[in-house]
Structure formats: structure tokens, C-alpha cells
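Okay, final.cif is below, mmCIF, C-alpha atoms and all ligand atoms:
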data_structure
loop_
_atom_site.label_atom_id
_atom_site.label_comp_id
_atom_site.auth_asym_id
_atom_site.auth_seq_id
_atom_site.Cartn_x
_atom_site.Cartn_y
_atom_site.Cartn_z
CA MET A 119 27.58 -9.86 9.92
CA LYS A 120 25.24 -8.47 12.57
CA THR A 121 22.61 -11.00 13.70
CA TYR A 122 19.18 -10.53 15.28
CA ASP A 123 16.32 -12.72 16.49
CA ALA A 124 14.03 -11.02 14.00
CA ILE A 125 14.06 -8.66 11.04
CA VAL A 126 10.89 -6.75 10.14
CA ILE A 127 10.85 -5.35 6.60
CA GLY A 128 8.48 -2.42 6.07
CA GLY A 129 7.08 0.30 8.32
CA GLY A 130 3.38 0.31 7.45
CA PRO A 131 0.72 -0.78 9.95
CA ALA A 132 1.65 -4.49 9.58
CA GLY A 133 5.38 -3.89 10.11
CA MET A 134 4.93 -1.49 13.01
CA THR A 135 2.50 -3.86 14.76
CA ALA A 136 4.88 -6.81 14.28
CA ALA A 137 7.74 -4.68 15.68
CA LEU A 138 5.63 -3.63 18.68
CA TYR A 139 4.79 -7.24 19.56
CA LEU A 140 8.40 -8.40 19.14
CA LEU A 141 9.80 -5.52 21.21
CA ARG A 142 7.37 -6.25 24.03
CA SER A 143 8.77 -9.80 24.08
CA GLU A 144 12.31 -8.41 24.33
CA VAL A 145 13.80 -10.11 21.29
CA SER A 146 16.59 -8.42 19.33
CA LEU A 147 15.08 -6.69 16.32
CA ALA A 148 16.18 -5.02 13.10
CA PHE A 149 13.44 -2.81 11.65
CA VAL A 150 13.97 -1.82 8.02
CA GLU A 151 12.08 1.11 6.48
CA LYS A 152 13.68 3.40 3.93
CA LEU A 153 10.97 6.11 4.15
CA SER A 154 8.90 7.54 7.00
CA SER A 155 6.93 4.88 8.85
CA GLY A 156 3.25 4.75 8.01
CA GLY A 157 3.10 3.18 4.54
CA GLN A 158 -0.06 3.98 2.61
CA MET A 159 -1.65 5.55 5.70
CA LEU A 160 0.49 8.59 4.87
CA GLN A 161 -1.29 8.90 1.52
CA THR A 162 -4.76 8.62 3.03
CA GLU A 163 -6.45 11.76 4.27
CA LYS A 164 -8.89 10.25 6.72
CA ILE A 165 -9.32 6.65 7.88
CA GLU A 166 -12.92 6.09 8.89
CA ASN A 167 -12.99 2.32 9.35
CA TYR A 168 -10.19 1.71 11.84
CA PRO A 169 -11.91 0.63 15.07
CA GLY A 170 -11.67 2.90 18.09
CA PHE A 171 -11.90 6.23 16.28
CA PRO A 172 -15.64 7.00 15.94
CA ASP A 173 -14.99 10.26 14.05
CA GLY A 174 -12.21 8.76 11.90
CA ILE A 175 -8.54 9.68 12.18
CA LEU A 176 -6.17 11.38 9.75
CA GLY A 177 -3.80 8.86 8.08
CA TYR A 178 -0.63 10.62 9.19
CA GLU A 179 -1.95 10.91 12.77
CA LEU A 180 -2.56 7.17 13.04
CA ALA A 181 0.90 6.51 11.55
CA ASP A 182 2.42 8.88 14.10
CA LEU A 183 0.64 7.26 17.05
CA LEU A 184 1.74 3.76 15.97
CA GLU A 185 5.32 4.90 15.51
CA LYS A 186 5.34 6.49 19.00
CA GLN A 187 3.99 3.25 20.45
CA VAL A 188 6.84 1.30 18.80
CA GLN A 189 9.42 3.83 20.05
CA ASN A 190 8.04 3.51 23.61
CA TRP A 191 9.03 -0.17 23.63
CA LYS A 192 12.46 0.31 22.06
CA THR A 193 15.26 -1.72 23.68
CA GLU A 194 19.05 -1.70 23.33
CA ASP A 195 18.66 -4.61 20.93
CA PHE A 196 16.55 -2.60 18.50
CA PHE A 197 18.08 -1.14 15.37
CA HIS A 198 16.25 0.92 12.73
CA TYR A 199 17.84 0.56 9.25
CA ARG A 200 16.77 3.49 7.05
CA ASP A 201 17.66 1.89 3.75
CA GLU A 202 16.21 -0.36 1.07
CA VAL A 203 16.20 -4.16 1.20
CA ARG A 204 17.98 -5.42 -1.91
CA THR A 205 17.71 -9.16 -1.49
CA ILE A 206 16.95 -11.99 0.90
CA GLU A 207 19.00 -15.19 0.98
CA PRO A 208 16.77 -17.59 2.88
CA SER A 209 18.18 -20.36 5.03
CA LEU A 210 17.27 -23.48 3.09
CA ASP A 211 20.27 -25.47 4.30
CA GLY A 212 19.17 -25.67 7.93
CA SER A 213 21.76 -23.12 9.16
CA GLY A 214 18.82 -21.24 10.61
CA TYR A 215 19.83 -17.71 9.65
CA HIS A 216 18.13 -15.83 6.83
CA LYS A 217 20.44 -13.21 5.33
CA VAL A 218 19.04 -9.83 4.28
CA GLN A 219 20.95 -7.23 2.27
CA VAL A 220 20.00 -3.72 3.41
CA GLY A 221 21.68 -1.15 1.18
CA ASP A 222 25.29 -2.43 1.03
CA GLU A 223 25.16 -4.17 4.40
CA TRP A 224 24.22 -7.79 5.14
CA ILE A 225 22.37 -8.66 8.34
CA ALA A 226 20.87 -11.98 9.43
CA ALA A 227 18.13 -13.33 11.66
CA ARG A 228 16.38 -16.58 12.48
CA THR A 229 13.03 -14.99 11.62
CA VAL A 230 12.10 -12.43 8.97
CA ILE A 231 8.67 -10.80 8.67
CA VAL A 232 8.06 -9.25 5.24
CA CYS A 233 5.63 -6.31 5.44
CA SER A 234 6.72 -4.40 2.35
CA GLY A 235 3.17 -3.68 1.17
CA SER A 236 1.96 -2.83 -2.29
CA ALA A 237 2.04 0.13 -4.64
CA TYR A 238 -0.56 1.59 -6.98
CA ARG A 239 -0.76 -0.27 -10.28
CA LYS A 240 -0.16 1.63 -13.52
CA LEU A 241 -3.04 1.79 -16.02
CA GLY A 242 -0.69 1.04 -18.90
CA VAL A 243 -1.98 3.53 -21.49
CA ALA A 244 -0.09 5.83 -23.84
CA GLY A 245 0.98 9.11 -22.21
CA GLU A 246 0.76 7.76 -18.65
CA LEU A 247 4.48 7.52 -17.89
CA ARG A 248 5.47 10.43 -20.11
CA LEU A 249 3.10 12.78 -18.26
CA LEU A 250 3.73 11.38 -14.77
CA GLY A 251 4.09 14.38 -12.44
CA LYS A 252 2.79 16.63 -15.22
CA GLY A 253 -0.87 15.94 -14.55
CA VAL A 254 -0.77 12.16 -14.07
CA SER A 255 -0.83 11.15 -10.40
CA TYR A 256 -1.45 8.16 -8.11
CA CYS A 257 -1.85 10.19 -4.90
CA ALA A 258 -4.75 12.61 -4.35
CA LEU A 259 -3.48 13.74 -0.97
CA CYS A 260 -0.01 14.54 -2.36
CA ASP A 261 -1.06 16.25 -5.60
CA GLY A 262 -4.70 17.29 -5.20
CA ASN A 263 -3.80 20.87 -4.30
CA PHE A 264 -2.19 21.43 -7.70
CA PHE A 265 -5.62 21.02 -9.29
CA ARG A 266 -7.67 23.50 -7.24
CA ASP A 267 -10.59 24.79 -9.36
CA GLN A 268 -9.45 22.72 -12.33
CA VAL A 269 -10.91 19.67 -14.09
CA VAL A 270 -9.62 16.17 -13.30
CA ALA A 271 -10.49 12.52 -13.88
CA VAL A 272 -10.27 9.61 -11.46
CA VAL A 273 -9.93 6.17 -13.04
CA GLY A 274 -11.14 3.05 -11.20
CA GLY A 275 -14.18 1.62 -9.47
CA GLY A 276 -12.82 0.34 -6.14
CA ASN A 277 -12.70 1.93 -2.70
CA SER A 278 -9.52 3.86 -3.49
CA ALA A 279 -11.04 5.51 -6.57
CA LEU A 280 -14.29 6.41 -4.78
CA GLU A 281 -12.62 7.66 -1.61
CA GLU A 282 -10.02 9.72 -3.47
CA ALA A 283 -12.68 11.10 -5.86
CA LEU A 284 -14.62 12.41 -2.85
CA TYR A 285 -11.47 14.01 -1.45
CA LEU A 286 -10.54 15.62 -4.79
CA ALA A 287 -14.10 16.83 -5.45
CA ARG A 288 -13.69 19.20 -2.51
CA LEU A 289 -10.82 20.93 -4.32
CA VAL A 290 -11.54 20.81 -8.03
CA LYS A 291 -14.10 22.49 -10.29
CA LYS A 292 -15.24 19.24 -11.92
CA LEU A 293 -14.31 15.57 -11.68
CA TYR A 294 -14.97 12.72 -14.11
CA LEU A 295 -15.12 9.32 -12.39
CA ILE A 296 -14.24 6.81 -15.12
CA HIS A 297 -14.93 3.11 -14.65
CA ARG A 298 -14.67 0.26 -17.14
CA ARG A 299 -17.87 -1.47 -15.91
CA ASP A 300 -21.37 -0.34 -14.91
CA GLU A 301 -21.08 -1.73 -11.36
CA PHE A 302 -18.56 -0.39 -8.89
CA ARG A 303 -16.80 -2.72 -6.49
CA GLY A 304 -16.24 0.04 -3.90
CA THR A 305 -18.33 0.20 -0.71
CA LYS A 306 -21.97 1.30 -1.16
CA CYS A 307 -21.69 4.34 1.14
CA TYR A 308 -18.84 5.74 -1.02
CA GLN A 309 -20.78 4.98 -4.22
CA ASP A 310 -23.85 6.86 -2.95
CA LYS A 311 -21.76 9.91 -1.98
CA CYS A 312 -19.99 9.98 -5.37
CA PHE A 313 -23.16 9.52 -7.44
CA ALA A 314 -24.92 12.32 -5.53
CA HIS A 315 -21.97 14.74 -5.63
CA PRO A 316 -22.72 17.83 -7.77
CA LYS A 317 -19.14 18.10 -9.06
CA ILE A 318 -18.72 14.41 -10.02
CA GLU A 319 -19.80 13.10 -13.43
CA VAL A 320 -19.67 9.32 -13.65
CA LEU A 321 -18.60 7.75 -16.97
CA ARG A 322 -19.51 4.04 -16.79
CA SER A 323 -18.41 1.30 -19.17
CA THR A 324 -15.68 3.65 -20.29
CA VAL A 325 -11.96 3.02 -20.71
CA VAL A 326 -9.09 5.44 -21.19
CA ASN A 327 -7.41 5.05 -24.60
CA GLU A 328 -4.68 7.63 -24.11
CA ILE A 329 -3.62 10.57 -21.98
CA LEU A 330 -3.13 13.64 -24.13
CA GLY A 331 -0.83 16.64 -23.79
CA GLU A 332 2.60 17.71 -24.94
CA HIS A 333 4.27 19.10 -21.80
CA ALA A 334 1.36 18.62 -19.38
CA VAL A 335 -1.96 16.78 -19.41
CA SER A 336 -4.51 18.58 -21.57
CA GLY A 337 -7.11 15.85 -21.96
CA ILE A 338 -7.85 12.16 -22.32
CA SER A 339 -9.21 10.04 -25.12
CA VAL A 340 -11.86 7.61 -23.84
CA LYS A 341 -13.95 4.84 -25.37
CA ASN A 342 -17.51 4.02 -24.40
CA LEU A 343 -17.51 0.21 -24.42
CA LYS A 344 -21.26 0.00 -25.10
CA THR A 345 -21.41 2.32 -28.11
CA GLY A 346 -17.78 1.91 -29.25
CA GLU A 347 -17.57 5.70 -29.54
CA ASP A 348 -14.25 7.48 -28.88
CA THR A 349 -14.36 10.97 -27.40
CA THR A 350 -11.86 13.48 -26.05
CA VAL A 351 -12.38 14.99 -22.60
CA ASP A 352 -10.52 18.25 -21.90
CA LEU A 353 -9.00 18.28 -18.41
CA ASP A 354 -5.91 19.14 -16.36
CA GLY A 355 -5.16 16.03 -14.33
CA VAL A 356 -5.74 12.27 -14.19
CA PHE A 357 -5.59 10.21 -11.00
CA MET A 358 -5.28 6.43 -11.37
CA PHE A 359 -6.65 4.05 -8.74
CA VAL A 360 -6.80 0.71 -10.54
CA GLY A 361 -5.53 -1.60 -7.82
CA PHE A 362 -2.19 -2.50 -6.36
CA GLN A 363 0.92 -4.47 -7.20
CA PRO A 364 3.19 -6.11 -4.61
CA GLN A 365 6.41 -4.38 -3.57
CA GLY A 366 8.48 -7.54 -3.46
CA GLY A 367 11.20 -7.31 -6.10
CA PHE A 368 13.73 -8.39 -3.44
CA LEU A 369 11.89 -11.58 -2.46
CA PRO A 370 13.60 -14.93 -3.11
CA ASP A 371 12.45 -17.12 -5.99
CA GLN A 372 11.95 -20.02 -3.58
CA LEU A 373 9.14 -18.14 -1.81
CA ASP A 374 5.60 -19.20 -2.88
CA LYS A 375 3.70 -16.32 -4.52
CA ASP A 376 0.33 -16.08 -6.30
CA ALA A 377 -0.10 -15.20 -9.98
CA GLN A 378 0.18 -11.45 -9.24
CA GLY A 379 3.31 -11.87 -7.10
CA PHE A 380 1.69 -11.54 -3.64
CA VAL A 381 3.20 -13.84 -0.98
CA VAL A 382 1.20 -16.95 -0.07
CA THR A 383 0.88 -17.64 3.68
CA ASP A 384 -1.22 -19.78 5.98
CA ALA A 385 -3.53 -18.27 8.62
CA GLU A 386 -0.55 -17.90 10.98
CA MET A 387 1.33 -15.80 8.35
CA ARG A 388 3.84 -18.62 7.75
CA THR A 389 5.25 -18.89 4.24
CA ASN A 390 6.62 -22.06 2.63
CA ILE A 391 10.07 -21.17 4.07
CA LYS A 392 10.59 -21.88 7.77
CA GLY A 393 11.17 -18.72 9.84
CA LEU A 394 9.96 -16.45 7.04
CA TYR A 395 6.59 -14.71 7.46
CA ALA A 396 4.57 -12.18 5.48
CA ALA A 397 1.99 -9.70 6.79
CA GLY A 398 -0.18 -6.87 5.43
CA ASP A 399 -0.73 -5.88 1.81
CA ILE A 400 2.21 -7.93 0.43
CA ARG A 401 0.27 -11.07 1.40
CA SER A 402 -2.06 -12.86 -1.01
CA LYS A 403 -5.52 -12.10 0.42
CA MET A 404 -8.89 -10.48 -0.35
CA CYS A 405 -9.20 -7.70 2.20
CA ARG A 406 -6.49 -5.02 2.36
CA GLN A 407 -7.23 -2.59 5.16
CA VAL A 408 -5.29 -0.98 8.01
CA ALA A 409 -7.30 -3.16 10.41
CA THR A 410 -6.37 -6.40 8.60
CA ALA A 411 -2.71 -5.33 8.26
CA VAL A 412 -2.52 -4.76 12.01
CA GLY A 413 -4.02 -8.22 12.63
CA ASP A 414 -1.56 -9.81 10.20
CA GLY A 415 1.38 -8.07 11.91
CA ALA A 416 0.37 -9.28 15.37
CA THR A 417 -0.19 -12.84 14.09
CA ALA A 418 3.16 -12.93 12.25
CA ALA A 419 5.04 -11.68 15.33
CA ASN A 420 3.34 -14.31 17.46
CA SER A 421 4.31 -17.05 14.98
CA ALA A 422 7.90 -15.78 14.88
CA LEU A 423 8.08 -15.77 18.69
CA THR A 424 6.76 -19.35 18.84
CA TYR A 425 9.35 -20.39 16.24
CA LEU A 426 12.17 -18.70 18.22
CA GLU A 427 11.08 -20.39 21.47
CA ASN A 428 11.07 -23.83 19.85
CA TYR A 429 14.41 -23.18 18.20
CA GLU A 430 16.27 -22.57 21.44
P1 LIG A 501 -9.42 -2.63 -6.22
O1 LIG A 501 -10.46 -2.86 -5.20
O2 LIG A 501 -8.66 -3.80 -6.76
O3 LIG A 501 -10.14 -1.88 -7.42
C1 LIG A 501 -9.43 -1.58 -8.59
C2 LIG A 501 -10.39 -0.94 -9.57
O4 LIG A 501 -9.67 -0.60 -10.74
C3 LIG A 501 -11.53 -1.86 -9.98
O5 LIG A 501 -12.73 -1.14 -10.06
C4 LIG A 501 -11.10 -2.34 -11.35
O6 LIG A 501 -12.17 -2.58 -12.24
C5 LIG A 501 -10.31 -1.18 -11.87
N1 LIG A 501 -9.26 -1.58 -12.81
C6 LIG A 501 -8.30 -2.52 -12.63
N2 LIG A 501 -7.52 -2.61 -13.73
C7 LIG A 501 -8.02 -1.73 -14.61
C8 LIG A 501 -7.68 -1.37 -15.93
N3 LIG A 501 -6.63 -1.92 -16.55
N4 LIG A 501 -8.41 -0.43 -16.56
C9 LIG A 501 -9.47 0.15 -15.92
N5 LIG A 501 -9.84 -0.15 -14.68
C10 LIG A 501 -9.13 -1.07 -14.04
O7 LIG A 501 -8.29 -1.58 -5.76
P2 LIG A 501 -8.40 -0.40 -4.70
O8 LIG A 501 -9.64 0.38 -4.88
O9 LIG A 501 -7.11 0.31 -4.77
O10 LIG A 501 -8.50 -1.14 -3.30
C11 LIG A 501 -7.55 -2.16 -2.95
C12 LIG A 501 -7.93 -2.75 -1.60
O11 LIG A 501 -7.84 -1.74 -0.59
C13 LIG A 501 -9.38 -3.24 -1.58
O12 LIG A 501 -9.44 -4.38 -0.76
C14 LIG A 501 -10.12 -2.08 -0.98
O13 LIG A 501 -11.34 -2.46 -0.34
C15 LIG A 501 -9.09 -1.58 0.04
N6 LIG A 501 -9.34 -0.16 0.33
C16 LIG A 501 -10.20 0.09 1.34
C17 LIG A 501 -10.51 1.39 1.67
C18 LIG A 501 -11.50 1.62 2.78
O14 LIG A 501 -12.06 0.67 3.28
N7 LIG A 501 -11.71 2.85 3.20
C19 LIG A 501 -9.93 2.44 0.97
C20 LIG A 501 -9.05 2.17 -0.08
C21 LIG A 501 -8.78 0.84 -0.40
P3 LIG A 501 -13.14 -3.85 -12.03
O15 LIG A 501 -14.02 -3.50 -10.88
O16 LIG A 501 -13.85 -3.91 -13.32
O17 LIG A 501 -12.25 -5.03 -11.79
#
Let's see the structure in the file written out as C-alpha cells.
Ligand code: NAP
Amino acid sequence: MKTYDAIVIGGGPAGMTAALYLLRSEVSLAFVEKLSSGGQMLQTEKIENYPGFPDGILGYELADLLEKQVQNWKTEDFFHYRDEVRTIEPSLDGSGYHKVQVGDEWIAARTVIVCSGSAYRKLGVAGELRLLGKGVSYCALCDGNFFRDQVVAVVGGGNSALEEALYLARLVKKLYLIHRRDEFRGTKCYQDKCFAHPKIEVLRSTVVNEILGEHAVSGISVKNLKTGEDTTVDLDGVFMFVGFQPQGGFLPDQLDKDAQGFVVTDAEMRTNIKGLYAAGDIRSKMCRQVATAVGDGATAANSALTYLENYE
């Protein structure tokens, strides 16, 4: 079995930052990312709140720059595994090596930093899965173009829903922004832009009962929670932005997680298992941003380096 000082799982901003810090300290590193590096940045059109870019930066551009920075520090002891992590067997017996199954291969390291992120949560209504890819989407940047000059709905009241609604409103004829409460939790500047947008109609205190359509989305059935009235809205597409769920199906049972399955760490990104760290959106925390993921990645790498130094 091939062994390393560290294994970084996930190529979003947390994983790439952790890799950058580890490479600069010349430790041997396995970097595991089955897709293109960038994580959710690749699904974001423009990032306006990452410091250092006063005019904002396109998501894929920031991902590209970070990846180049990692590549610049590549050493002979760096290996990029382009496959999926299946399981982690943590070292609980004091042997010191955590084993990670990547595809069919097992590798091991004294430290593992889990940066596998999160994925959009499903709404869980009738028609959602059946019409996935046929008008139901979780990615405005990927699918928005299919709905040029058509009518769509965006479901959710957080920053993702507001930001993606503003992006989609540039393409579509009309957009319904559907939120289950009257107050939106998204940032005020996004709320103001959405509420003032001529193409956006906001449906507050409204939930989706069902997504309608035989072979493609043709409408949605919604309920106004204040009046109890059910109505049908004719439209061509529905975009869901109702939060995230952790991408951690491969994580060991012994690892402490919160009620939603996000990994619990201390401020130094240490988990309850020695030598195992978590950083970025997979971590149990309040604020999930590129800026906080980058900070988590740097902190986790620093903790892993301290652990490796004390081990030797
Ligand atoms: P979020 O903040 O958790 O918001 C999820 C939204 O979906 C909430 O409005 C919630 O309603 C609603 N929701 C949840 N379950 C629902 C259900 N079953 N039916 C109907 N509505 C439901 O998720 P997010 O917007 O994806 O953002 C996640 C994190 O990323 C946040 O920390 C956010 O600030 C951050 N983010 C930041 C930016 C940015 O700064 N530019 C952009 C995107 C995301 P309630 O409000 O009623 O709970």
C-alpha cells in the first residue's frame, strides 16, 4: 500500500488551500478529486465577496487560479488521484496510519484532511426526481441557458436562491421566487435587487406541493400558507436552492458529526480522531463561503503539519 504524510480529500477551495500549504512544507501528499478542481466555485457565475477582487471574479477563474497555484508547488512526492473515495479506515489502534480506499486502491497516511464539501439538498416533493434534467435543476449556471425567454421558479430564501435568481432573471422572461416564509435569510443587498427586479415576482409564505408535467416540467402546484389556497403556476423550469447536505457517505462511523451529518471539529479543524481533520463546507459551522473554506484549509494544513512534526 502506498503511504503519504498527508491525504487531502476534495478539490474545492478548502482542499486546494490545504494542498498548497502542505506542498510548500514539502510533505508527501495524495490529493484526491474525482472531478475538476474548484468545487462549487465552478457552479457560481461571479464571486463578489472574496477579498482582493474589487470587481468580483468569475467562479471558474478563481478555481483556475487556485489550481495553478497548487500546481506551481508540486513536488515529486505529490500524487493526484482522479477517483472517488469509497471509505476511510481510521487508525484507532495507534498504528498511526489512516487507510483510504480510492476507487479500488488503498492508500494510507498519518494525516487526512477531509474537504469533500456539500451538495444541494433536494426539496423532497412529488415530481422532483422524476423531472430532474427535464426542467428541474439545482444549477443555474449549468442549465440557465435552456430557459432563455421562458418562465421559471426559484425555490428558497437564502443567498444561493437570491443570487441564482438574479443570474437567471437576466436570461428568462419571468421568474417566480418562492419562499416558505415572509422574511428571507439571504443578504440584504441581494434581497433589494430581487424585490426591485422587473422580471421577478416574489411569492412569500408559499410552499411547493408538487412539480407537474408528464415528460417535462409544465407547472407547479403551490400552497399559500397564510390563506391555505392551492394554485397552479404554469412554467418551464424549477431551480431548487434549499440548502446543502454533506458529501460524506464515505466517512467512518467513529467520526463525530452533527445532526445533519456535518463533521464536528475544533477551531484548529481537528476532529475527534487524531490525525484526521475536516475543512470547508463538510464541517459543522454557520458560515459557508469561499473565504471561510480557504481559512479552514490553511488551518487544517497547519494542524496536520504540527501533528506530523510531533509524531517524528
Ligand atoms: P441556506 O442559507 O441554508 O438557505 C436555504 C433556504 O432554503 C432557506 O431560505 C430555507 O428556508 C429554505 N428551505 C430549506 N428547506 C426548505 C424546504 N423543505 N422547503 C422550502 N424551503 C426550504 O442555504 P443557501 O442559500 O444554499 O446557502 C448556504 C450557505 O452558503 C449560507 O451560509 C450562505 O450564506 C452561503 N452562500 C453565500 C453566498 C454569498 O455570500 N455570495 C452565496 C451562496 C451561498 P428558511 O429561511 O425558512 O429556513
Using only C-alpha atoms and all ligand atoms, I'd like a table of the residues in chain A that come within 8 Å of ligand LIG 501 (chain A); for each, show the closest atom pair and its distance in Å rounded to one decimal, ordered by chain and ascending number, as a tab-separated table.
residue	atom	partner	partner_atom	distance
A:Ile165	CA	A:LIG501	N7	6.5
A:Glu166	CA	A:LIG501	N7	6.7
A:Asn167	CA	A:LIG501	N7	6.3
A:Tyr238	CA	A:LIG501	O9	7.0
A:Arg239	CA	A:LIG501	N2	7.9
A:Lys240	CA	A:LIG501	N3	8.0
A:Leu241	CA	A:LIG501	N3	5.2
A:Gly242	CA	A:LIG501	N3	7.0
A:Val273	CA	A:LIG501	N5	6.5
A:Gly274	CA	A:LIG501	O4	4.0
A:Gly275	CA	A:LIG501	O5	3.2
A:Gly276	CA	A:LIG501	O8	3.4
A:Asn277	CA	A:LIG501	O8	4.1
A:Ser278	CA	A:LIG501	O8	3.7
A:Ala279	CA	A:LIG501	O8	5.6
A:Leu280	CA	A:LIG501	O8	7.6
A:Glu281	CA	A:LIG501	C19	6.4
A:His297	CA	A:LIG501	N5	6.0
A:Arg298	CA	A:LIG501	C9	5.3
A:Arg299	CA	A:LIG501	O16	5.4
A:Glu301	CA	A:LIG501	O15	7.3
A:Phe302	CA	A:LIG501	O15	5.9
A:Arg303	CA	A:LIG501	O15	5.3
A:Gly304	CA	A:LIG501	O13	6.6
A:Thr305	CA	A:LIG501	O14	7.4
A:Val325	CA	A:LIG501	C9	6.1
A:Val326	CA	A:LIG501	C9	7.5
A:Phe359	CA	A:LIG501	O9	5.5
A:Val360	CA	A:LIG501	O4	3.2
A:Gly361	CA	A:LIG501	O7	3.4
A:Phe362	CA	A:LIG501	O9	5.9
A:Met404	CA	A:LIG501	O12	6.1
A:Cys405	CA	A:LIG501	O12	4.5
A:Arg406	CA	A:LIG501	O12	4.3
A:Gln407	CA	A:LIG501	C16	5.5
Kindly export the residues of the current selection with C-alpha atoms, as an mmCIF file, keeping the file's coordinate frame.
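Output (part35.cif):
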data_model
loop_
_atom_site.group_PDB
_atom_site.id
_atom_site.type_symbol
_atom_site.label_atom_id
_atom_site.label_comp_id
_atom_site.auth_asym_id
_atom_site.auth_seq_id
_atom_site.Cartn_x
_atom_site.Cartn_y
_atom_site.Cartn_z
ATOM 1 C CA ILE A 165 -9.320 6.650 7.880
ATOM 2 C CA GLU A 166 -12.920 6.090 8.890
ATOM 3 C CA ASN A 167 -12.990 2.320 9.350
ATOM 4 C CA TYR A 238 -0.560 1.590 -6.980
ATOM 5 C CA ARG A 239 -0.760 -0.270 -10.280
ATOM 6 C CA LYS A 240 -0.160 1.630 -13.520
ATOM 7 C CA LEU A 241 -3.040 1.790 -16.020
ATOM 8 C CA GLY A 242 -0.690 1.040 -18.900
ATOM 9 C CA VAL A 273 -9.930 6.170 -13.040
ATOM 10 C CA GLY A 274 -11.140 3.050 -11.200
ATOM 11 C CA GLY A 275 -14.180 1.620 -9.470
ATOM 12 C CA GLY A 276 -12.820 0.340 -6.140
ATOM 13 C CA ASN A 277 -12.700 1.930 -2.700
ATOM 14 C CA SER A 278 -9.520 3.860 -3.490
ATOM 15 C CA ALA A 279 -11.040 5.510 -6.570
ATOM 16 C CA LEU A 280 -14.290 6.410 -4.780
ATOM 17 C CA GLU A 281 -12.620 7.660 -1.610
ATOM 18 C CA HIS A 297 -14.930 3.110 -14.650
ATOM 19 C CA ARG A 298 -14.670 0.260 -17.140
ATOM 20 C CA ARG A 299 -17.870 -1.470 -15.910
ATOM 21 C CA GLU A 301 -21.080 -1.730 -11.360
ATOM 22 C CA PHE A 302 -18.560 -0.390 -8.890
ATOM 23 C CA ARG A 303 -16.800 -2.720 -6.490
ATOM 24 C CA GLY A 304 -16.240 0.040 -3.900
ATOM 25 C CA THR A 305 -18.330 0.200 -0.710
ATOM 26 C CA VAL A 325 -11.960 3.020 -20.710
ATOM 27 C CA VAL A 326 -9.090 5.440 -21.190
ATOM 28 C CA PHE A 359 -6.650 4.050 -8.740
ATOM 29 C CA VAL A 360 -6.800 0.710 -10.540
ATOM 30 C CA GLY A 361 -5.530 -1.600 -7.820
ATOM 31 C CA PHE A 362 -2.190 -2.500 -6.360
ATOM 32 C CA MET A 404 -8.890 -10.480 -0.350
ATOM 33 C CA CYS A 405 -9.200 -7.700 2.200
ATOM 34 C CA ARG A 406 -6.490 -5.020 2.360
ATOM 35 C CA GLN A 407 -7.230 -2.590 5.160
#
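If you measure from each of A:Asp201, A:Asp414, A:Glu282, A:Asp300 to Val150 (chain A) using all atoms listed in the file, the closest one turns out to be A:Asp201.
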Could you check the closest approach to Leu210 (chain A) for each of A:Ser255, A:Gln372, A:Gln158, A:Ser236 and tell me which residue wins, using all atoms listed in the file?
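Checking each of A:Ser255, A:Gln372, A:Gln158, A:Ser236 against Leu210 (chain A), counting all atoms listed in the file, the winner is A:Gln372.
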Hey, what's within 8 Å of region 119-130 of chain A if we count only C-alpha atoms and toss same-chain stuff fewer than 4 positions away? As an MDAnalysis selection string, please?
chainID A and resid 134 136:137 145:151 154:159 181 203 224:235 422 426
For CA of Met358 (chain A) and CA of Gly133 (chain A), determine how far apart the two atoms are, in Å to one decimal place.
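Distance between the two atoms: 26.1 Å.
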Which residues are close to Ser209 (chain A), i.e. within 9 Å by all atoms listed in the file, leaving aside same-chain residues fewer than 5 positions away? Reply as a PyMOL selection string.
chain A and resi 214-217+228+391-393
Keeping C-alpha atoms, export the residues of the selection given above as a PDB file, in the frame of the given file.
ATOM      1  CA  GLY A 214      18.820 -21.240  10.610  1.00  0.00           C
ATOM      2  CA  TYR A 215      19.830 -17.710   9.650  1.00  0.00           C
ATOM      3  CA  HIS A 216      18.130 -15.830   6.830  1.00  0.00           C
ATOM      4  CA  LYS A 217      20.440 -13.210   5.330  1.00  0.00           C
ATOM      5  CA  ARG A 228      16.380 -16.580  12.480  1.00  0.00           C
ATOM      6  CA  ILE A 391      10.070 -21.170   4.070  1.00  0.00           C
ATOM      7  CA  LYS A 392      10.590 -21.880   7.770  1.00  0.00           C
ATOM      8  CA  GLY A 393      11.170 -18.720   9.840  1.00  0.00           C
TER       9      GLY A 393
END
As a ChimeraX atom specification, please: the residues near Arg266 (chain A) (cut-off 12 Å, only C-alpha atoms, same-chain neighbours under 3 positions excluded).
/A:258,261-263,269-270,285-293,354-355
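Candidate residues A:Leu295, A:Ala377, A:Leu138, A:Val356 were compared for distance to Ile329 (chain A), and the nearest is A:Val356, using only C-alpha atoms.
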With distances taken over only C-alpha atoms, which residue among A:Val188, A:Ala418, A:Leu250, A:Leu180 lies nearest Gly331 (chain A)?
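Once distances to Gly331 (chain A) are computed over only C-alpha atoms, the minimum belongs to A:Leu250.
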Let me make sure I understand: among A:Gly245, A:Pro364, A:Gly337, A:Gly170, which one has the smallest atom-to-atom distance to Val351 (chain A) if we use all atoms listed in the file?
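Of the candidates, the smallest distance to Val351 (chain A) is held by A:Gly337.
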Between CA of Ala271 (chain A) and CA of Gly177 (chain A), measure the distance and give it in Å to one decimal.
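Those two atoms sit 23.2 Å apart.
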Smallest atom-to-atom distance to Thr162 (chain A): which of A:Pro208, A:Cys257, A:Val412, A:Lys317, using all atoms listed in the file?
A:Cys257
Distance in Å - CA of Glu144 (chain A) versus CA of Asp195 (chain A)
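Atom-to-atom, CA of Glu144 (chain A) to CA of Asp195 (chain A), that is 8.1 Å.
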Return as lines of an AutoDock Vina configuration file the box centre and box size in Å, one decimal, for an axis-aligned box around all listed atoms of region 146-163 of chain A padded by 6 Å per side.
center_x = 5.1
center_y = 1.7
center_z = 10.4
size_x = 35.0
size_y = 32.2
size_z = 29.8
